[in-house]
file target02.cif (mmCIF, C-alpha atoms)
data_input
loop_
_atom_site.label_atom_id
_atom_site.label_comp_id
_atom_site.auth_asym_id
_atom_site.auth_seq_id
_atom_site.Cartn_x
_atom_site.Cartn_y
_atom_site.Cartn_z
CA MET P 1 90.49 130.03 106.82
CA ASP P 2 89.91 126.40 106.03
CA VAL P 3 92.51 123.70 105.60
CA GLY P 4 92.26 123.80 101.84
CA SER P 5 93.23 127.44 101.69
CA ILE P 6 96.18 126.87 103.99
CA TYR P 7 97.46 124.03 101.83
CA LEU P 8 96.99 126.14 98.73
CA ILE P 9 98.91 129.05 100.21
CA VAL P 10 101.77 126.76 101.22
CA ALA P 11 101.84 125.16 97.79
CA PHE P 12 101.94 128.50 96.01
CA GLY P 13 104.57 129.74 98.42
CA LEU P 14 106.76 126.77 97.53
CA LEU P 15 106.04 127.39 93.88
CA LEU P 16 107.23 130.97 94.16
CA LEU P 17 110.34 129.83 95.99
CA SER P 18 111.01 127.34 93.27
CA ALA P 19 110.49 130.00 90.62
CA PHE P 20 113.05 132.26 92.25
CA ARG P 21 115.66 129.54 92.39
CA ASP P 22 115.23 128.04 88.97
CA ILE P 23 112.53 129.11 86.56
CA GLU P 24 113.18 126.29 84.08
CA LYS P 25 112.76 123.63 86.71
CA THR P 26 109.61 125.32 87.91
CA LYS P 27 108.14 125.25 84.43
CA LYS P 28 108.88 121.55 84.26
CA ALA P 29 107.25 121.07 87.63
CA LEU P 30 104.09 122.77 86.41
CA LYS P 31 104.04 120.53 83.36
CA VAL P 32 104.06 117.53 85.67
CA THR P 33 101.29 119.13 87.70
CA GLY P 34 99.22 119.56 84.56
CA ARG P 35 99.75 115.98 83.50
CA VAL P 36 98.78 114.57 86.89
CA ALA P 37 95.74 116.85 87.07
CA LEU P 38 94.53 115.76 83.65
CA THR P 39 94.81 112.14 84.66
CA VAL P 40 93.17 112.31 88.06
CA LEU P 41 90.63 115.15 87.92
CA PRO P 42 88.08 113.65 85.52
CA VAL P 43 87.85 110.51 87.61
CA LEU P 44 87.52 112.56 90.76
CA PHE P 45 84.75 114.69 89.33
CA MET P 46 82.67 111.67 88.35
CA ILE P 47 83.10 110.16 91.75
CA PHE P 48 82.02 113.29 93.58
CA ILE P 49 78.83 113.44 91.60
CA LEU P 50 78.20 109.76 92.17
CA MET P 51 78.73 110.24 95.88
CA GLY P 52 76.30 113.12 95.97
CA VAL P 53 73.65 111.09 94.22
CA ILE P 54 74.05 108.03 96.43
CA GLU P 55 73.98 110.20 99.52
CA ALA P 56 70.68 111.63 98.46
CA PHE P 57 69.11 108.26 97.87
CA VAL P 58 70.48 105.65 100.23
CA SER P 59 68.71 105.91 103.50
CA LYS P 60 71.02 106.16 106.46
CA GLU P 61 68.43 104.40 108.56
CA VAL P 62 68.74 101.27 106.45
CA ILE P 63 72.49 101.09 106.91
CA ALA P 64 72.22 101.76 110.62
CA GLN P 65 69.69 98.98 110.92
CA TRP P 66 72.03 96.42 109.39
CA LEU P 67 74.92 97.41 111.60
CA GLY P 68 73.18 98.39 114.78
CA SER P 69 71.77 95.09 115.88
CA GLY P 70 74.82 92.84 115.77
CA SER P 71 76.88 92.33 118.86
CA SER P 72 78.77 89.31 117.64
CA VAL P 73 82.23 89.19 116.15
CA LEU P 74 80.68 88.63 112.72
CA SER P 75 79.12 92.07 112.88
CA ILE P 76 82.62 93.54 112.84
CA VAL P 77 83.18 91.90 109.46
CA ILE P 78 79.85 93.20 108.25
CA GLY P 79 80.78 96.65 109.47
CA GLU P 80 84.00 96.40 107.50
CA ILE P 81 82.26 95.29 104.33
CA VAL P 82 79.82 98.16 104.56
CA GLY P 83 82.74 100.51 105.11
CA CYS P 84 84.45 99.24 101.98
CA VAL P 85 81.38 99.75 99.87
CA ALA P 86 80.07 102.93 101.44
CA LEU P 87 80.38 105.92 99.15
CA ILE P 88 80.81 108.48 101.84
CA GLN P 89 82.54 111.84 102.08
CA PRO P 90 85.56 111.60 104.38
CA ALA P 91 84.21 114.22 106.75
CA ALA P 92 80.86 112.45 106.94
CA VAL P 93 82.42 109.24 108.25
CA PHE P 94 82.52 110.34 111.88
CA PRO P 95 79.07 111.90 112.11
CA PHE P 96 77.66 108.81 110.52
CA ALA P 97 79.63 106.57 112.87
CA GLY P 98 78.18 108.53 115.76
CA PHE P 99 74.76 107.85 114.33
CA LEU P 100 75.61 104.14 114.20
CA HIS P 101 76.63 104.21 117.82
CA LYS P 102 73.36 105.83 118.82
CA SER P 103 71.59 103.12 116.87
CA GLY P 104 73.20 100.50 119.03
CA ALA P 105 76.32 99.33 117.22
CA ASN P 106 79.21 98.37 119.47
CA TYR P 107 82.58 100.07 119.10
CA GLY P 108 84.09 97.08 117.31
CA VAL P 109 81.63 97.40 114.45
CA ILE P 110 82.06 101.16 114.40
CA VAL P 111 85.83 101.16 114.19
CA GLY P 112 85.63 98.45 111.52
CA PHE P 113 83.34 100.67 109.51
CA VAL P 114 85.36 103.85 110.06
CA MET P 115 88.70 102.30 109.14
CA THR P 116 87.52 100.60 105.97
CA ALA P 117 85.49 103.62 104.95
CA ILE P 118 88.70 105.66 105.07
CA LEU P 119 91.17 103.11 103.75
CA ILE P 120 89.27 100.93 101.30
CA GLY P 121 86.67 101.81 98.75
CA ILE P 122 85.42 100.42 95.51
CA THR P 123 85.84 103.88 94.04
CA THR P 124 89.51 104.07 94.90
CA LEU P 125 90.51 100.65 93.61
CA PRO P 126 90.78 101.64 89.94
CA LEU P 127 93.05 104.56 90.77
CA GLU P 128 95.14 102.49 93.14
CA MET P 129 95.59 99.74 90.58
CA LYS P 130 96.49 102.23 87.90
CA LEU P 131 99.13 103.90 90.04
CA PHE P 132 100.59 100.99 91.98
CA GLY P 133 99.69 97.82 90.15
CA LYS P 134 97.42 94.88 90.86
CA ARG P 135 99.58 93.03 93.38
CA PHE P 136 100.15 96.10 95.55
CA THR P 137 96.44 96.88 95.56
CA ILE P 138 95.40 93.33 96.39
CA VAL P 139 97.95 92.94 99.17
CA ARG P 140 97.26 96.30 100.79
CA ASN P 141 93.48 95.97 100.73
CA ILE P 142 93.35 92.40 102.00
CA LEU P 143 95.92 93.04 104.71
CA THR P 144 94.09 96.20 105.74
CA PHE P 145 90.85 94.28 106.03
CA VAL P 146 92.50 91.70 108.29
CA ILE P 147 94.30 94.25 110.42
CA VAL P 148 91.13 96.29 110.83
CA PHE P 149 89.33 93.15 111.97
CA ILE P 150 91.91 92.74 114.72
CA ILE P 151 91.49 96.37 115.65
CA GLY P 152 87.74 95.76 115.71
CA ILE P 153 88.15 92.93 118.19
CA ILE P 154 90.32 95.14 120.37
CA PHE P 155 87.67 97.85 120.34
CA LYS P 156 84.95 95.36 121.12
CA VAL P 157 86.80 94.00 124.10
CA VAL P 158 88.33 97.10 125.62
CA PRO P 159 85.86 99.00 127.79
CA LEU P 160 85.30 102.45 126.34
CA MET B 1 71.98 116.00 89.43
CA GLY B 2 69.71 117.26 86.70
CA VAL B 3 67.85 113.98 86.88
CA ILE B 4 67.25 114.39 90.58
CA SER B 5 66.03 117.92 90.07
CA ILE B 6 63.30 116.60 87.80
CA PHE B 7 62.05 114.28 90.51
CA SER B 8 62.50 116.57 93.45
CA PRO B 9 63.77 120.10 92.98
CA ALA B 10 64.46 120.53 96.67
CA LYS B 11 66.60 117.39 96.90
CA GLY B 12 68.36 118.26 93.69
CA LEU B 13 69.34 121.59 95.13
CA ILE B 14 70.68 119.97 98.28
CA VAL B 15 72.69 117.37 96.38
CA GLY B 16 74.07 120.10 94.19
CA ARG B 17 75.07 122.32 97.05
CA VAL B 18 76.54 119.52 99.16
CA ALA B 19 78.51 118.14 96.24
CA TYR B 20 79.65 121.63 95.26
CA ASP B 21 80.80 122.55 98.77
CA ALA B 22 82.67 119.30 99.21
CA PHE B 23 84.15 119.56 95.75
CA ALA B 24 85.24 123.17 96.21
CA LYS B 25 86.91 122.37 99.49
CA ALA B 26 88.57 119.27 98.11
CA LEU B 27 89.57 121.09 94.95
CA LYS B 28 91.77 123.50 96.87
CA ILE B 29 93.63 120.64 98.53
CA ILE B 30 93.78 118.71 95.27
CA ILE B 31 95.34 121.62 93.42
CA ALA B 32 97.78 122.19 96.26
CA VAL B 33 98.82 118.55 96.25
CA PHE B 34 99.24 118.45 92.48
CA ILE B 35 101.48 121.51 92.61
CA ILE B 36 103.54 119.88 95.32
CA ILE B 37 103.80 116.69 93.28
CA GLY B 38 105.13 118.69 90.37
CA LEU B 39 107.68 120.37 92.61
CA ILE B 40 108.74 117.06 94.14
CA GLN B 41 109.25 115.51 90.70
CA VAL B 42 111.59 118.30 89.77
CA TRP B 43 113.40 119.14 92.98
CA VAL B 44 113.68 115.98 95.05
CA SER B 45 116.37 113.62 93.94
CA PRO B 46 115.91 109.88 94.30
CA GLN B 47 118.97 109.82 96.51
CA THR B 48 117.53 112.24 99.02
CA LEU B 49 114.19 110.51 99.20
CA SER B 50 115.71 107.06 99.52
CA ARG B 51 117.71 108.35 102.43
CA ILE B 52 114.54 109.50 104.21
CA LEU B 53 111.90 106.97 103.21
CA GLY B 54 113.69 104.32 101.22
CA LYS B 55 114.96 100.98 102.38
CA GLU B 56 118.25 102.55 103.45
CA ALA B 57 116.39 104.69 105.94
CA GLY B 58 115.68 101.56 107.90
CA TRP B 59 113.48 101.70 110.96
CA LYS B 60 113.78 105.47 111.26
CA GLY B 61 112.21 105.98 107.84
CA LEU B 62 109.46 103.53 108.66
CA LEU B 63 108.75 105.29 111.92
CA LEU B 64 108.55 108.59 110.11
CA ALA B 65 106.15 107.13 107.58
CA SER B 66 104.02 105.72 110.39
CA THR B 67 103.64 108.89 112.42
CA VAL B 68 103.81 112.05 110.31
CA PRO B 69 101.01 111.13 107.87
CA VAL B 70 98.53 111.04 110.75
CA PHE B 71 98.49 114.82 110.53
CA ILE B 72 97.98 115.13 106.81
CA GLY B 73 94.41 115.59 105.72
CA GLY B 74 92.87 114.99 102.36
CA SER B 75 91.37 111.96 100.73
CA LEU B 76 92.81 108.80 99.21
CA PHE B 77 92.51 110.46 95.83
CA THR B 78 95.08 113.07 96.76
CA ILE B 79 97.28 110.76 98.78
CA PHE B 80 97.66 108.16 96.05
CA PRO B 81 99.17 110.43 93.40
CA LEU B 82 101.49 111.92 95.99
CA LEU B 83 102.66 108.51 97.12
CA LYS B 84 103.10 107.32 93.57
CA THR B 85 105.58 110.14 93.08
CA LEU B 86 107.39 109.33 96.32
CA ARG B 87 107.49 105.69 95.36
CA GLU B 88 109.01 106.52 91.99
CA LYS B 89 111.59 108.60 93.76
CA GLY B 90 112.68 105.71 95.92
CA ALA B 91 110.33 105.32 98.85
CA SER B 92 110.16 101.72 99.98
CA ILE B 93 106.99 99.65 99.78
CA ALA B 94 106.93 99.43 103.56
CA ALA B 95 107.10 103.20 103.92
CA THR B 96 104.42 103.73 101.28
CA ILE B 97 101.95 101.35 102.86
CA ALA B 98 102.77 102.48 106.38
CA PHE B 99 102.13 106.00 105.15
CA ILE B 100 98.66 105.18 103.83
CA THR B 101 97.74 103.27 106.98
CA ALA B 102 98.99 105.99 109.30
CA TRP B 103 97.20 108.62 107.26
CA SER B 104 93.90 106.96 108.16
CA GLY B 105 94.41 108.40 111.63
CA LYS B 106 93.12 111.63 110.09
CA ALA B 107 94.15 113.90 112.95
CA PRO B 108 92.69 116.98 111.23
CA LEU B 109 89.27 115.40 111.71
CA LEU B 110 89.91 114.82 115.40
CA PRO B 111 87.40 117.41 116.60
CA LEU B 112 84.72 115.61 114.58
CA GLU B 113 85.78 112.23 115.87
CA ILE B 114 85.77 113.34 119.48
CA ALA B 115 82.42 115.05 119.10
CA PHE B 116 80.71 112.00 117.67
CA LEU B 117 82.55 109.05 119.14
CA GLY B 118 84.21 110.30 122.28
CA TRP B 119 87.81 111.15 123.11
CA LYS B 120 88.59 107.68 124.43
CA PHE B 121 87.65 106.15 121.08
CA ALA B 122 89.68 108.75 119.20
CA ILE B 123 92.80 108.36 121.32
CA LEU B 124 92.65 104.58 121.24
CA ARG B 125 92.20 104.51 117.48
CA ILE B 126 95.09 106.82 116.71
CA SER B 127 97.37 105.13 119.23
CA ILE B 128 96.67 101.73 117.70
CA ILE B 129 97.09 102.96 114.16
CA ILE B 130 100.73 103.89 114.53
CA PRO B 131 102.10 100.46 115.49
CA PHE B 132 99.68 98.84 113.08
CA ALA B 133 100.97 101.07 110.29
CA ILE B 134 104.46 99.77 110.98
CA VAL B 135 103.21 96.18 110.93
CA MET B 136 101.24 96.78 107.73
CA GLY B 137 104.29 98.28 106.06
CA LEU B 138 106.65 95.46 107.00
CA LEU B 139 104.16 92.70 106.26
CA SER B 140 103.17 94.14 102.89
CA GLU B 141 106.74 94.60 101.83
CA PHE B 142 107.56 91.06 102.94
CA ILE B 143 104.71 89.62 100.90
CA LEU B 144 105.20 91.77 97.82
CA GLU B 145 108.88 91.02 97.61
CA ARG B 146 108.18 87.33 97.54
CA TRP B 147 105.14 87.44 95.30
CA LYS B 148 106.77 88.16 91.99
CA PRO B 149 105.01 88.00 88.61
CA ARG B 150 105.59 84.71 86.84
CA LYS B 151 107.14 86.26 83.76
CA GLU B 152 110.38 88.10 84.30
CA VAL B 153 109.15 91.68 84.03
CA THR B 154 110.49 94.62 85.96
CA GLU B 155 107.84 96.96 87.35
#
call {"tool": "encode", "arguments": {"input": "target02.cif", "output": "structure tokens"}}
result
Amino acid sequence: MDVGSIYLIVAFGLLLLSAFRDIEKTKKALKVTGRVALTVLPVLFMIFILMGVIEAFVSKEVIAQWLGSGSSVLSIVIGEIVGCVALIQPAAVFPFAGFLHKSGANYGVIVGFVMTAILIGITTLPLEMKLFGKRFTIVRNILTFVIVFIIGIIFKVVPL
Amino acid sequence: MGVISIFSPAKGLIVGRVAYDAFAKALKIIIAVFIIIGLIQVWVSPQTLSRILGKEAGWKGLLLASTVPVFIGGSLFTIFPLLKTLREKGASIAATIAFITAWSGKAPLLPLEIAFLGWKFAILRISIIIPFAIVMGLLSEFILERWKPRKEVTE
């Protein structure tokens, strides 16, 4: 049974519990669920398709070439930028990072890429701004970039 | 996807199947999270949440927000709506941002991480993330509280 199914079972279990305790509240809860779903799902769907298309066309070798050769501190920044822009499925981040490592990238570049790939993305910005506002989005993303750079330096220096 | 199929039927099929598998898997989690958001909206009172993750929770709340999310899976797209709800219910900015940062630890993907990057990398990354999540939370809150919009508008 995959993670998704487990989450779903838990969610429905809680829903049933809620229904037993107060059916009116539960109905309200489902209305909220519907509203959120209607707002987020269309955007999500588009993005998944876009990701699939990009994945089919952008050569992984090209990306690895850019990131693999650098051993300077600057390459960490480049790794981060690529991570921000990379339209990659969350589960594909680690296999791809492994591929980068094999291609010669040092761990600083790799962790920079991994962290920004997970935390920052041009596809998530619109949603983040919509939900939390411009200032929040700007502060979080810039700070994350800086912090990840520091983490990148740590990874470059510490012998792994 | 249809366009790709015209150029290369084989690739089109692969894109379709990959996207479908990923979407189906994500869809389950997405639905689960949306249901939970609905339940939170209705059952969790602002008082309770503020006590756990709000400013009144102090360092304990921040610590919670910097460690527990490491074990939650999902993508940013599911985390953001969830956090928006928590934020509305009284979670502090520090807790919210620490949460997102800690979540990047992605413990459910640990087997993948270890397989491709080694256990030393994985352990180091997750160990560093937790204190950094705390720092991110505090720093972000510090900045955002001082960077107010010029016109007097409440958010």
call {"tool": "closest_atom_pairs", "arguments": {"input": "target02.cif", "of": "range 36-110 of chain B", "to": "range 86-98 of chain P", "cutoff": "12 Å", "atoms": "all atoms listed in the file", "output": "CSV"}}
result
residue,atom,partner,partner_atom,distance
B:Gly73,CA,P:Pro90,CA,9.8
B:Gly74,CA,P:Pro90,CA,8.3
B:Ser75,CA,P:Pro90,CA,6.9
B:Leu76,CA,P:Pro90,CA,9.3
B:Phe77,CA,P:Pro90,CA,11.1
B:Ser104,CA,P:Pro90,CA,10.3
B:Gly105,CA,P:Pro90,CA,11.9
B:Lys106,CA,P:Pro90,CA,9.5
B:Ala107,CA,P:Ala91,CA,11.7
B:Pro108,CA,P:Ala91,CA,10.0
B:Leu109,CA,P:Ala91,CA,7.2
B:Leu110,CA,P:Phe94,CA,9.3
call {"tool": "closest_atom_pairs", "arguments": {"input": "target02.cif", "of": "chain P", "to": "chain B", "cutoff": "6 Å", "atoms": "only C-alpha atoms", "output": "CSV"}}
result
residue,atom,partner,partner_atom,distance
P:Gly4,CA,B:Ile29,CA,4.8
P:Tyr7,CA,B:Ala32,CA,5.9
P:Leu8,CA,B:Ala32,CA,4.7
P:Ala11,CA,B:Ala32,CA,5.3
P:Ala29,CA,B:Gly38,CA,4.2
P:Leu30,CA,B:Gly38,CA,5.8
P:Val32,CA,B:Gly38,CA,5.0
P:Thr33,CA,B:Gly38,CA,4.7
P:Gly52,CA,B:Ala19,CA,5.5
P:Phe94,CA,B:Glu113,CA,5.5
P:Pro95,CA,B:Phe116,CA,5.8
P:Gly98,CA,B:Phe116,CA,4.7
call {"tool": "closest_residue", "arguments": {"input": "target02.cif", "among": "B:Ser50, B:Gly90, B:Ile79, B:Glu145", "to": "Glu128 in chain P", "atoms": "only C-alpha atoms"}}
result
B:Ile79
call {"tool": "atom_distance", "arguments": {"input": "target02.cif", "atom1": "CA of Gly34 in chain P", "atom2": "CA of Gly133 in chain P"}}
result
22.5 Å
call {"tool": "resolve_selection", "arguments": {"input": "target02.cif", "expression": "the PyMOL selection byres ((chain P and resi 125) around 12)", "output": "ChimeraX atom specification"}}
result
/P:43,84-85,119-124,126-138,140-141 /B:76-77,80
call {"tool": "write_last_selection", "arguments": {"input": "target02.cif", "atoms": "C-alpha atoms", "output": "mmCIF file, in the coordinates of the input"}}
result
data_model
loop_
_atom_site.group_PDB
_atom_site.id
_atom_site.type_symbol
_atom_site.label_atom_id
_atom_site.label_comp_id
_atom_site.auth_asym_id
_atom_site.auth_seq_id
_atom_site.Cartn_x
_atom_site.Cartn_y
_atom_site.Cartn_z
ATOM 1 C CA VAL P 43 87.850 110.510 87.610
ATOM 2 C CA CYS P 84 84.450 99.240 101.980
ATOM 3 C CA VAL P 85 81.380 99.750 99.870
ATOM 4 C CA LEU P 119 91.170 103.110 103.750
ATOM 5 C CA ILE P 120 89.270 100.930 101.300
ATOM 6 C CA GLY P 121 86.670 101.810 98.750
ATOM 7 C CA ILE P 122 85.420 100.420 95.510
ATOM 8 C CA THR P 123 85.840 103.880 94.040
ATOM 9 C CA THR P 124 89.510 104.070 94.900
ATOM 10 C CA PRO P 126 90.780 101.640 89.940
ATOM 11 C CA LEU P 127 93.050 104.560 90.770
ATOM 12 C CA GLU P 128 95.140 102.490 93.140
ATOM 13 C CA MET P 129 95.590 99.740 90.580
ATOM 14 C CA LYS P 130 96.490 102.230 87.900
ATOM 15 C CA LEU P 131 99.130 103.900 90.040
ATOM 16 C CA PHE P 132 100.590 100.990 91.980
ATOM 17 C CA GLY P 133 99.690 97.820 90.150
ATOM 18 C CA LYS P 134 97.420 94.880 90.860
ATOM 19 C CA ARG P 135 99.580 93.030 93.380
ATOM 20 C CA PHE P 136 100.150 96.100 95.550
ATOM 21 C CA THR P 137 96.440 96.880 95.560
ATOM 22 C CA ILE P 138 95.400 93.330 96.390
ATOM 23 C CA ARG P 140 97.260 96.300 100.790
ATOM 24 C CA ASN P 141 93.480 95.970 100.730
ATOM 25 C CA LEU B 76 92.810 108.800 99.210
ATOM 26 C CA PHE B 77 92.510 110.460 95.830
ATOM 27 C CA PHE B 80 97.660 108.160 96.050
#
call {"tool": "atom_distance", "arguments": {"input": "target02.cif", "atom1": "CA of Glu56 in chain B", "atom2": "CA of Glu88 in chain B"}}
result
15.2 Å
call {"tool": "atom_distance", "arguments": {"input": "target02.cif", "atom1": "CA of Ala102 in chain B", "atom2": "CA of Thr67 in chain B"}}
result
6.3 Å
call {"tool": "resolve_selection", "arguments": {"input": "target02.cif", "expression": "the PyMOL selection byres ((chain P and resi 144-158) around 7)", "output": "ChimeraX atom specification"}}
result
/P:76-77,106-109,111-112,115,140-143,159-160
call {"tool": "decode", "arguments": {"input": "target02.cif", "residues": "range 30-59 of chain B", "atoms": "C-alpha atoms", "output": "PDB file, in the first residue's frame"}}
result
ATOM      1  CA  ILE B  30      -4.038  15.811  -2.486  1.00  0.00           C
ATOM      2  CA  ILE B  31      -7.560  14.609  -1.776  1.00  0.00           C
ATOM      3  CA  ALA B  32      -6.529  13.449   1.673  1.00  0.00           C
ATOM      4  CA  VAL B  33      -4.959  16.799   2.464  1.00  0.00           C
ATOM      5  CA  PHE B  34      -7.964  18.751   1.199  1.00  0.00           C
ATOM      6  CA  ILE B  35     -10.273  16.683   3.386  1.00  0.00           C
ATOM      7  CA  ILE B  36      -8.041  17.339   6.357  1.00  0.00           C
ATOM      8  CA  ILE B  37      -8.004  21.052   5.584  1.00  0.00           C
ATOM      9  CA  GLY B  38     -11.782  21.066   5.595  1.00  0.00           C
ATOM     10  CA  LEU B  39     -11.840  19.264   8.923  1.00  0.00           C
ATOM     11  CA  ILE B  40      -9.269  21.626  10.423  1.00  0.00           C
ATOM     12  CA  GLN B  41     -11.281  24.671   9.322  1.00  0.00           C
ATOM     13  CA  VAL B  42     -14.298  23.354  11.131  1.00  0.00           C
ATOM     14  CA  TRP B  43     -12.899  21.618  14.191  1.00  0.00           C
ATOM     15  CA  VAL B  44      -9.721  23.408  15.216  1.00  0.00           C
ATOM     16  CA  SER B  45     -10.264  26.622  17.066  1.00  0.00           C
ATOM     17  CA  PRO B  46      -7.835  29.493  16.663  1.00  0.00           C
ATOM     18  CA  GLN B  47      -7.170  29.318  20.374  1.00  0.00           C
ATOM     19  CA  THR B  48      -6.012  25.724  20.265  1.00  0.00           C
ATOM     20  CA  LEU B  49      -3.787  26.229  17.270  1.00  0.00           C
ATOM     21  CA  SER B  50      -2.244  29.403  18.649  1.00  0.00           C
ATOM     22  CA  ARG B  51      -1.385  27.473  21.759  1.00  0.00           C
ATOM     23  CA  ILE B  52       0.490  24.845  19.727  1.00  0.00           C
ATOM     24  CA  LEU B  53       1.985  26.774  16.821  1.00  0.00           C
ATOM     25  CA  GLY B  54       1.236  30.401  17.461  1.00  0.00           C
ATOM     26  CA  LYS B  55       3.460  33.014  18.985  1.00  0.00           C
ATOM     27  CA  GLU B  56       2.304  32.050  22.467  1.00  0.00           C
ATOM     28  CA  ALA B  57       3.732  28.595  21.960  1.00  0.00           C
ATOM     29  CA  GLY B  58       7.162  30.146  22.054  1.00  0.00           C
ATOM     30  CA  TRP B  59      10.214  28.026  21.407  1.00  0.00           C
TER      31      TRP B  59
END
